[in-house]
$ cat run26.txt   # compact mmCIF, C-alpha atoms
# COMPACT_ATOMS: atom_id res chain seq x y z
CA MET S 1 13.44 2.56 -15.27
CA LYS S 2 11.74 5.52 -16.88
CA LEU S 3 8.01 5.92 -16.38
CA ARG S 4 5.98 9.06 -17.04
CA GLY S 5 9.18 11.02 -17.57
CA MET S 6 10.78 10.20 -14.21
CA ASP S 7 14.20 8.55 -14.23
CA TYR S 8 14.91 6.17 -11.37
CA LYS S 9 16.37 2.76 -10.77
CA VAL S 10 14.76 -0.03 -8.71
CA ILE S 11 17.07 -2.82 -7.58
CA ASP S 12 15.74 -6.00 -6.00
CA ASP S 13 17.66 -8.92 -4.48
CA TYR S 14 20.96 -7.02 -4.29
CA PHE S 15 21.66 -8.26 -0.76
CA PRO S 16 21.33 -11.92 0.27
CA GLU S 17 18.20 -12.83 2.21
CA TRP S 18 20.08 -13.26 5.51
CA ILE S 19 21.20 -9.61 5.36
CA VAL S 20 17.72 -8.36 4.41
CA SER S 21 16.14 -10.38 7.23
CA SER S 22 18.66 -9.45 9.92
CA MET S 23 18.51 -5.76 8.97
CA SER S 24 14.70 -5.87 9.04
CA THR S 25 14.84 -7.10 12.63
CA TYR S 26 17.52 -4.55 13.54
CA PHE S 27 15.74 -1.53 12.07
CA GLU S 28 12.36 -2.57 13.47
CA ASN S 29 13.86 -1.82 16.89
CA PHE S 30 16.15 1.08 15.93
CA PRO S 31 15.68 4.09 18.23
CA VAL S 32 13.84 7.00 16.59
CA SER S 33 12.09 10.14 17.76
CA TRP S 34 8.97 11.83 16.44
CA SER S 35 10.95 14.76 15.11
CA ASN S 36 11.45 14.24 11.37
CA SER S 37 9.75 16.24 8.68
CA SER S 38 10.36 16.59 4.97
CA ARG S 39 9.24 20.20 5.31
CA GLU S 40 10.89 23.18 6.98
CA SER S 41 8.36 23.22 9.80
CA TYR S 42 5.98 20.75 11.39
CA LYS S 43 3.06 23.06 10.55
CA GLU S 44 3.55 22.18 6.87
CA GLY S 45 2.85 18.51 7.61
CA GLY S 46 4.69 15.30 7.03
CA ARG S 47 5.97 14.67 10.57
CA PHE S 48 7.25 11.13 11.15
CA PHE S 49 9.71 9.09 13.19
CA GLY S 50 13.39 9.22 12.39
CA ASN S 51 17.02 9.36 13.40
CA MET S 52 19.87 11.04 11.47
CA CYS S 53 22.75 8.53 11.46
CA ILE S 54 25.35 10.06 9.16
CA GLN S 55 25.62 13.67 8.04
CA HIS S 56 28.42 14.95 5.76
CA GLU S 57 30.28 11.65 6.28
CA ASP S 58 30.28 12.04 10.09
CA TRP S 59 28.38 9.82 12.51
CA THR S 60 25.57 11.55 14.39
CA ILE S 61 24.47 8.54 16.46
CA PRO S 62 26.08 6.89 19.51
CA GLU S 63 28.81 4.36 18.80
CA ASP S 64 26.72 1.38 19.94
CA LEU S 65 24.23 2.04 17.09
CA ARG S 66 26.91 2.22 14.36
CA ILE S 67 26.44 -1.26 12.96
CA TRP S 68 28.35 -2.62 9.98
CA PHE S 69 25.41 -2.27 7.57
CA PHE S 70 25.66 1.52 7.26
CA GLN S 71 29.25 1.33 6.01
CA TYR S 72 28.50 -1.77 3.93
CA LEU S 73 25.58 -0.08 2.16
CA ASN S 74 27.64 3.04 1.47
CA GLY S 75 30.52 0.88 0.23
CA CYS S 76 28.17 -0.95 -2.15
CA VAL S 77 26.89 2.37 -3.48
CA MET S 78 30.35 3.88 -4.00
CA ASN S 79 32.07 0.75 -5.31
CA ASP S 80 29.29 -0.92 -7.29
CA LEU S 81 25.80 0.58 -7.61
CA LEU S 82 27.01 4.10 -8.48
CA LYS S 83 30.70 3.37 -8.97
CA GLY S 84 32.52 6.31 -10.49
CA GLN S 85 29.37 8.44 -10.21
CA VAL S 86 29.35 9.54 -6.57
CA THR S 87 32.05 10.91 -4.32
CA ASN S 88 30.69 10.81 -0.78
CA VAL S 89 27.67 10.26 1.45
CA ASN S 90 25.94 13.42 2.67
CA ARG S 91 23.21 11.85 4.73
CA VAL S 92 21.84 8.58 6.02
CA LEU S 93 18.51 8.96 7.80
CA VAL S 94 16.40 6.18 9.33
CA ASN S 95 12.72 6.96 8.59
CA GLY S 96 9.95 5.23 10.53
CA GLN S 97 6.24 5.47 9.71
CA VAL S 98 3.05 4.02 11.12
CA LYS S 99 -0.52 4.28 9.84
CA GLY S 100 -1.51 7.90 9.30
CA GLN S 101 2.06 9.23 8.90
CA ASP S 102 2.17 9.59 5.12
CA GLY S 103 5.12 11.60 3.92
CA VAL S 104 4.55 14.77 1.93
CA ASN S 105 5.95 15.45 -1.53
CA HIS S 106 9.41 16.95 -1.27
CA LYS S 107 12.80 17.18 -2.96
CA ASP S 108 16.12 16.37 -1.30
CA CYS S 109 17.81 19.31 -3.04
CA ASP S 110 16.57 22.64 -4.31
CA ILE S 111 18.28 23.02 -7.68
CA LYS S 112 18.08 20.64 -10.63
CA ASP S 113 21.51 19.19 -11.42
CA GLU S 114 22.78 20.42 -8.04
CA GLY S 115 24.79 17.21 -7.82
CA TYR S 116 22.96 14.80 -5.50
CA LYS S 117 21.54 11.29 -5.84
CA THR S 118 19.02 9.86 -3.40
CA LEU S 119 18.91 6.20 -2.44
CA ILE S 120 15.97 4.76 -0.51
CA TYR S 121 16.49 1.35 1.12
CA HIS S 122 13.31 -0.46 2.20
CA ALA S 123 14.54 -1.81 5.54
CA HIS S 124 11.53 -3.14 7.44
CA GLY S 125 7.83 -3.68 6.80
CA HIS S 126 5.52 -4.95 4.09
CA GLU S 127 3.73 -1.89 2.72
CA GLY S 128 4.06 1.85 2.20
CA ASP S 129 5.01 2.74 -1.37
CA THR S 130 7.84 5.04 -2.34
CA VAL S 131 6.25 7.56 -4.71
CA ILE S 132 8.45 9.37 -7.25
CA GLY S 133 6.43 11.98 -9.13
CA VAL S 134 3.30 10.00 -9.98
CA ASP S 135 5.05 6.62 -10.12
CA ARG S 136 4.55 4.18 -7.26
CA VAL S 137 7.31 1.78 -6.24
CA PRO S 138 5.76 -0.86 -3.95
CA PHE S 139 7.48 -1.51 -0.64
CA LYS S 140 9.60 -4.64 -0.50
CA GLU S 141 12.19 -5.38 2.17
CA GLY S 142 15.68 -5.14 0.71
CA ARG S 143 14.56 -3.05 -2.28
CA ILE S 144 16.81 -0.17 -3.34
CA VAL S 145 15.44 2.85 -5.21
CA ILE S 146 17.89 5.40 -6.70
CA PHE S 147 16.99 8.73 -8.31
CA ASP S 148 18.12 12.33 -8.76
CA SER S 149 17.57 14.16 -5.46
CA TYR S 150 15.73 16.93 -7.30
CA LEU S 151 12.81 14.63 -8.15
CA THR S 152 9.67 15.07 -6.08
CA HIS S 153 9.06 12.01 -3.91
CA ARG S 154 7.49 10.78 -0.68
CA GLY S 155 7.19 7.68 1.46
CA GLU S 156 3.69 6.46 2.20
CA ALA S 157 2.77 5.00 5.55
CA PRO S 158 1.42 1.47 5.91
CA LYS S 159 -2.36 1.21 5.68
CA ASP S 160 -2.55 -1.36 8.49
CA ASP S 161 -1.09 -1.25 12.00
CA SER S 162 2.40 -2.29 10.87
CA TYR S 163 5.63 -0.28 10.94
CA ARG S 164 7.53 0.86 7.82
CA VAL S 165 11.25 1.69 8.04
CA SER S 166 13.38 3.03 5.21
CA LEU S 167 16.85 4.48 4.99
CA GLY S 168 17.07 7.76 3.11
CA CYS S 169 20.60 8.32 1.79
CA ILE S 170 21.94 11.25 -0.22
CA TYR S 171 25.21 11.08 -2.18
CA THR S 172 27.20 13.73 -4.03
CA TYR S 173 27.53 12.75 -7.67
CA ILE S 174 30.29 13.72 -10.04
CA GLU S 175 29.36 16.57 -12.36
CA GLU S 176 29.66 15.98 -16.11
CA ASN S 177 31.70 19.16 -16.48
CA ASP S 178 34.27 18.13 -13.83
CA MET S 179 37.42 17.85 -15.94
CA THR S 180 39.34 15.99 -13.23
CA VAL S 181 37.65 12.63 -13.88
CA ASP S 182 37.02 10.33 -16.82
CA LYS S 183 33.61 11.36 -18.19
CA ALA S 184 32.65 7.96 -19.59
CA SER S 185 32.84 6.31 -16.16
CA GLN S 186 30.47 8.68 -14.37
CA LEU S 187 27.21 8.69 -16.34
CA LEU S 188 24.16 6.83 -15.09
CA ASP S 189 22.56 4.44 -17.56
CA LYS S 190 19.05 5.85 -17.23
CA ASN S 191 17.51 3.11 -19.32
CA LYS S 192 18.03 0.39 -16.73
$ encode --input "run26.txt" --output "C-alpha cells"
Amino acid sequence: MKLRGMDYKVIDDYFPEWIVSSMSTYFENFPVSWSNSSRESYKEGGRFFGNMCIQHEDWTIPEDLRIWFFQYLNGCVMNDLLKGQVTNVNRVLVNGQVKGQDGVNHKDCDIKDEGYKTLIYHAHGHEGDTVIGVDRVPFKEGRIVIFDSYLTHRGEAPKDDSYRVSLGCIYTYIEENDMTVDKASQLLDKNK
C-alpha cells in the first residue's frame, strides 16, 4: 500500500481466528512494566507499558513466557511474508497502552536504507491506530503492518478504558548491493 508517499504493507486474516483469539487472551495478561519509551529519555514523552522479549535473536524473558507464537510469527516472516528479504530478528517487544498513553512519533532506525524492516502485530484490543507518517492504519486484532524501520510512526492509545497490545518486531533485511544473494528474490513489492 502506498499512501501519501509512505510505503507499507497491511495484512489481514493471515492467521486463523483461533490463533488471533488465543493470542489476544494471552497478550492481554502478558507481564509488562511501565518502562518503555520510543524516545531516549522519559522526559521526551511517550512512556508506555512493555516487555522486551527477543533482542538480537536472544530471549530476554523467562522461559515460562516463551510461548510458541513468538517463534511461529518470526518463522512466518522469514519463510513467507518477507521470504528472501530478511535475515534475522533484531527485536520483539510487547507494547501495552491504555487511555492517555499515546506513543510519540519515532523511527526504529536512524539512517534511511540502514537495513531494517519493522513489523507491528495488533495482538489485543479494539482501538488505537498505528500511524505511519500521516497515514492511519486502524487497529484490528491479528492485523500485520510492515514498513521500512526508517519511517516515522507511532501507536495511539485507545480512547476508552480498554487495553491495546501490539508486538513491535524489527528484522534485518538483505541489502540490494549484497552480491552473495540472488537480487530478484529479495525486493519488496511495494505496490501491494
$ atom_distance --input "run26.txt" --atom1 "atom CA of S:Ser22" --atom2 "atom CA of S:Leu73"
14.0 Å
$ atom_distance --input "run26.txt" --atom1 "atom CA of S:Ile132" --atom2 "atom CA of S:Ser33"
25.3 Å
$ residues_around --input "run26.txt" --residues "S:Ile120" --least-positions-apart "6" --cutoff "10 Å" --atoms "all atoms listed in the file" --output "compact mmCIF listing (two decimals) with C-alpha atoms, in the frame of the given file"
# COMPACT_ATOMS: atom_id res chain seq x y z
CA VAL S 10 14.76 -0.03 -8.71
CA VAL S 92 21.84 8.58 6.02
CA LEU S 93 18.51 8.96 7.80
CA VAL S 94 16.40 6.18 9.33
CA ASN S 95 12.72 6.96 8.59
CA THR S 130 7.84 5.04 -2.34
CA GLY S 142 15.68 -5.14 0.71
CA ARG S 143 14.56 -3.05 -2.28
CA ILE S 144 16.81 -0.17 -3.34
CA VAL S 145 15.44 2.85 -5.21
CA ILE S 146 17.89 5.40 -6.70
CA PHE S 147 16.99 8.73 -8.31
CA GLY S 155 7.19 7.68 1.46
CA SER S 166 13.38 3.03 5.21
CA LEU S 167 16.85 4.48 4.99
CA GLY S 168 17.07 7.76 3.11
CA CYS S 169 20.60 8.32 1.79
CA ILE S 170 21.94 11.25 -0.22
$ closest_residue --input "run26.txt" --among "S:Tyr150, S:Asn74, S:Phe69, S:Tyr171" --to "S:Glu114" --atoms "only C-alpha atoms"
S:Tyr150
$ atom_distance --input "run26.txt" --atom1 "atom CA of S:Thr25" --atom2 "atom CA of S:Arg154"
23.5 Å
$ closest_residue --input "run26.txt" --among "S:Ser21, S:Gln55, S:Thr172, S:Thr60" --to "S:Val86" --atoms "only C-alpha atoms"
S:Thr172
$ closest_residue --input "run26.txt" --among "S:Asp12, S:Asp110, S:Asp148, S:Glu17" --to "S:Gln85" --atoms "only C-alpha atoms"
S:Asp148
$ closest_residue --input "run26.txt" --among "S:Val165, S:Tyr121, S:Val77, S:Tyr14" --to "S:Pro31" --atoms "all atoms listed in the file"
S:Val165
